[in-house]
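First the structure, in the form of structure tokens, and then the observations on it.
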Amino acid sequence: MSPEIRARLEEWVREMGPAELADAVDSGQLEWWMAERVGTLEVRLVSSELARALEGWGAESPSAAGERWGEWKDGQLRPSLEAAVRLGGGTKRGRIVLTEEGAKAFLYGRDIGRDRIRSIDGQLRPEAIAIVCDPNGDVLGLAVLKNPADDSRFGLRAMKDLGWYLREGG
Amino acid sequence: MSRLEAKGFRLARTEIPGAMRIDEAPMSPGATHEYLQGRYFLHDVSSQLAPLALAPEPGDRVADLCAAPGGKTVAIADMMENSGAIAAFESNPERHRSLTANLSRCGVLNTATWARPGQTASRLQEQFDRVLLDAPCTGEGVVSRDPARRRGQLREYQACAQEQAQLFDVAARILRPGGILVYGTCTLAPEENELQVNRAVQELGFRIDDLPAVVRELRLGGHPLMPGLAAVAGRGLHPDMTKTAHALPHRNGCLGFYVARLERVPA
């Protein structure tokens with residue numbers, strides 16, 4: 001992994017994530033692992049001991065390893081559902097909280113109407129990727145915040161939600 | 001636990017550490033937020049026997065040769081406190097997808113998966129500390145839940161027994177001397193259980209180890225597990241075969257499962 005990508009990922013975790021996670025990455029307890037997929041670089045977070053083992057198993061690249069954190073494209077990380085769950089548990093930044101009805105609809109992969117949004121982190125800009133939570137603050141997934149000037153009744157465009165594990169994950 | 005109880009679930013502790021029994025569920029336990037957040041895994045109590053018998057330790061290197069859908073892999077990763085390394089194999093692409101989804105859902109960080117048969121594990125050129133071989137089988141032990149699992153044809157037994165023997169051969173190659181192999185199936189047939197273990201002892205350099213006390217002393221449905229058969233069709237097997245164990249549906253109130261713990265004899 002290039003030092004530039006590593007530095008950007010670590011900065012991102014420090015900015016967004018719970019302190020324990022940033023500490024685990026800083027101390028080398030957890031490491032980034034990247035795999036080339038068609039047209040993109042997949043970023044994964046693995047235990048340091050798995051990273052060492054993967055070096056030894058190098059010629060036999062796995063289908064998956066550790067936790068998928070997203071794709072690196074155009075100098076940015078497009079975060080995965082797993083990254084959202086792990087990051088969202090420890091931060092209020094970049095979060096949108098839904099009503100109960102909104103949370104249920106979101107877990108079916110639906111876009112969310114403005115009336116079902118309880119609160120939005122004021123720092124979030126339109127078209128930003130947001131971490132979506134239920135009223136208890138539990139992370140449900142990722143969505144794009146729509147522009148308030150947009151006259152659509154929807155305030156959030158769904159990207160990925162935990163219901164995916166049931167619909168697609170098997 | 002308290003979050004599920006607040007939703008109206010009635011849960012009870014079991015003899016197995018960390019495992020709860022669902023006595024009453026106001027909704028599908030596989031569709032709660034807590035399930036989707038990876039706070040628990042759903043499987044039959046007998047499925048816990050294999051990880052408990054394996055008893056992995058933090059820092060171990062473990063191979064799971066037939067890993068999907070991942071309940072046992074998640075349990076092993078949990079027992080290893082997400083440290084060490086697990087190499088998990090699953091040849092069926094759909095089941096491999098289930099495996100990776102479950103590992104992701106449960107936040108497992110120490111596992112790499114390969115969408116290919118466990119028979120290819122020796123390509124990693126690793127000498128593992130522990131190997132779990134939860135082998136493909138005729139599934140007699142789960143017929144009560146899924147009658148389609150078994151058609152009762154002789155060729156099914158022959159095909160399964162042949163694949164189990166191949167996987168045993170691989171396990172013998174990838175396990176370090178002194179390493180631990182746990183063999184399990186969800187079937188009752190001795191051709192897929194005791195006879196496979198007997199061959200491993202006679203031909204592959206294994207010895208049968210005691211199951212850990214947590215498994216040996218377990219009482220499911222009020223009864224202990226049944227010891228493995230010492231003889232089949234009048235043919236005596238290795239005397240230590242009684243150290244292996246069966247969970248039986250009619251006796252233990254769970255799905256059927258066979259478990260054996262073996263040590264690769266140091267050269």
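Just remember, in the structure tokens the first chain shown is A, the second B, etc., residues are 1-based per chain, and ligands are 1-based in the order shown.
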Determine, counting only C-alpha atoms, which protein, DNA and RNA residues have an atom within 12 Å of an atom of B:Gln119; residues of the same chain fewer than 3 positions away are not included. Present the result as a list in words.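 Non-adjacent residues within range: Ala63, Asp64, Leu65, Cys66, Ala88, Phe89, Glu90, Ser91, Trp114, Ala115, Arg116, Ser122, Arg123, Leu124, Leu133, Ala135, Glu163, Gln164, Ala165, Gln166, Leu167, Phe168, Asp169, Val170, Ala171, Ala172, Arg173 and Ile174 of chain B.
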Hey, what does DSSP flag as alpha helix (DSSP H) within stretch 39-262 of chain B? Can you give it to me as an MDAnalysis selection string? chainID B and resid 49:54 71:79 93:105 154:174 194:203 213:216 249:252
Give me the chain A side of the contact with chain B, cut-off 6 Å, one line per residue showing its nearest atom pair and distance in Å at one decimal, counting only C-alpha atoms, sorted by chain and residue number, as a Markdown table.
| residue | atom | partner | partner_atom | distance |
| --- | --- | --- | --- | --- |
| A:Val46 | CA | B:Leu109 | CA | 4.9 |
| A:Ser47 | CA | B:Asn110 | CA | 5.3 |
| A:Glu49 | CA | B:Gly84 | CA | 5.1 |
| A:Leu50 | CA | B:Ala85 | CA | 4.7 |
| A:Trp57 | CA | B:Leu124 | CA | 5.3 |
| A:Pro62 | CA | B:Trp114 | CA | 5.1 |
| A:Ser63 | CA | B:Trp114 | CA | 5.0 |
| A:Ala64 | CA | B:Thr113 | CA | 5.3 |
| A:Ala65 | CA | B:Ala112 | CA | 4.0 |
| A:Gly66 | CA | B:Leu109 | CA | 4.0 |
| A:Glu67 | CA | B:Leu109 | CA | 5.6 |
| A:Leu162 | CA | B:Leu36 | CA | 5.7 |
| A:Gly169 | CA | B:Ala101 | CA | 5.1 |
| A:Gly170 | CA | B:Ser98 | CA | 4.7 |
Excluding stretch 139-156 of chain A and its own-chain neighbours fewer than 6 positions away, which residues fall within 10 Å of it when counting only C-alpha atoms? Please give them as a ChimeraX atom specification. /A:79-89,95-98,103-104,106-107,109-117,120,124-133,162-164 /B:33,36-37
If we count only C-alpha atoms, what is near B:His246 at a cut-off of 7 Å, once residues fewer than 2 positions away on the same chain are taken out, given as a compact mmCIF listing (two decimals) with all heavy atoms, in the first residue's frame?
# COMPACT_ATOMS: atom_id res chain seq x y z
N LEU B 225 -23.76 -36.52 26.31
CA LEU B 225 -23.58 -36.95 24.93
C LEU B 225 -23.29 -38.44 24.92
O LEU B 225 -22.80 -39.00 25.91
CB LEU B 225 -22.41 -36.18 24.30
CG LEU B 225 -22.53 -34.65 24.32
CD1 LEU B 225 -21.28 -34.01 23.69
CD2 LEU B 225 -23.79 -34.18 23.59
N MET B 226 -23.60 -39.11 23.79
CA MET B 226 -23.34 -40.55 23.70
C MET B 226 -21.91 -40.78 23.21
O MET B 226 -21.48 -40.15 22.24
CB MET B 226 -24.32 -41.20 22.71
CG MET B 226 -24.22 -42.71 22.70
SD MET B 226 -25.21 -43.45 21.40
CE MET B 226 -24.06 -43.44 20.04
N PRO B 227 -21.14 -41.66 23.87
CA PRO B 227 -19.78 -41.93 23.39
C PRO B 227 -19.79 -42.54 22.00
O PRO B 227 -20.76 -43.21 21.61
CB PRO B 227 -19.24 -42.95 24.41
CG PRO B 227 -20.17 -42.91 25.56
CD PRO B 227 -21.49 -42.44 25.06
N GLY B 228 -18.71 -42.31 21.25
CA GLY B 228 -18.58 -42.92 19.93
C GLY B 228 -18.61 -44.44 20.02
O GLY B 228 -18.32 -45.03 21.07
N LEU B 248 -27.45 -36.61 20.02
CA LEU B 248 -28.50 -37.32 19.30
C LEU B 248 -29.84 -36.56 19.44
O LEU B 248 -30.21 -36.18 20.56
CB LEU B 248 -28.66 -38.73 19.89
CG LEU B 248 -27.41 -39.62 19.75
CD1 LEU B 248 -27.59 -40.92 20.52
CD2 LEU B 248 -27.10 -39.90 18.28
N PHE B 257 -25.16 -34.41 15.90
CA PHE B 257 -23.80 -33.97 15.60
C PHE B 257 -22.83 -34.99 16.17
O PHE B 257 -23.04 -35.55 17.24
CB PHE B 257 -23.54 -32.58 16.20
CG PHE B 257 -22.39 -31.86 15.55
CD1 PHE B 257 -22.57 -31.17 14.36
CD2 PHE B 257 -21.11 -31.90 16.09
CE1 PHE B 257 -21.51 -30.53 13.72
CE2 PHE B 257 -20.04 -31.27 15.48
CZ PHE B 257 -20.25 -30.57 14.28
N TYR B 258 -21.76 -35.21 15.40
CA TYR B 258 -20.69 -36.09 15.87
C TYR B 258 -19.43 -35.25 15.99
O TYR B 258 -19.15 -34.40 15.11
CB TYR B 258 -20.45 -37.22 14.87
CG TYR B 258 -19.24 -38.08 15.18
CD1 TYR B 258 -19.27 -39.04 16.19
CD2 TYR B 258 -18.05 -37.94 14.46
CE1 TYR B 258 -18.16 -39.82 16.48
CE2 TYR B 258 -16.94 -38.72 14.74
CZ TYR B 258 -17.00 -39.65 15.76
OH TYR B 258 -15.90 -40.42 16.05
N VAL B 259 -18.65 -35.45 17.04
CA VAL B 259 -17.43 -34.67 17.20
C VAL B 259 -16.29 -35.55 17.74
O VAL B 259 -16.50 -36.38 18.62
CB VAL B 259 -17.68 -33.43 18.11
CG1 VAL B 259 -18.07 -33.83 19.53
CG2 VAL B 259 -16.47 -32.50 18.14
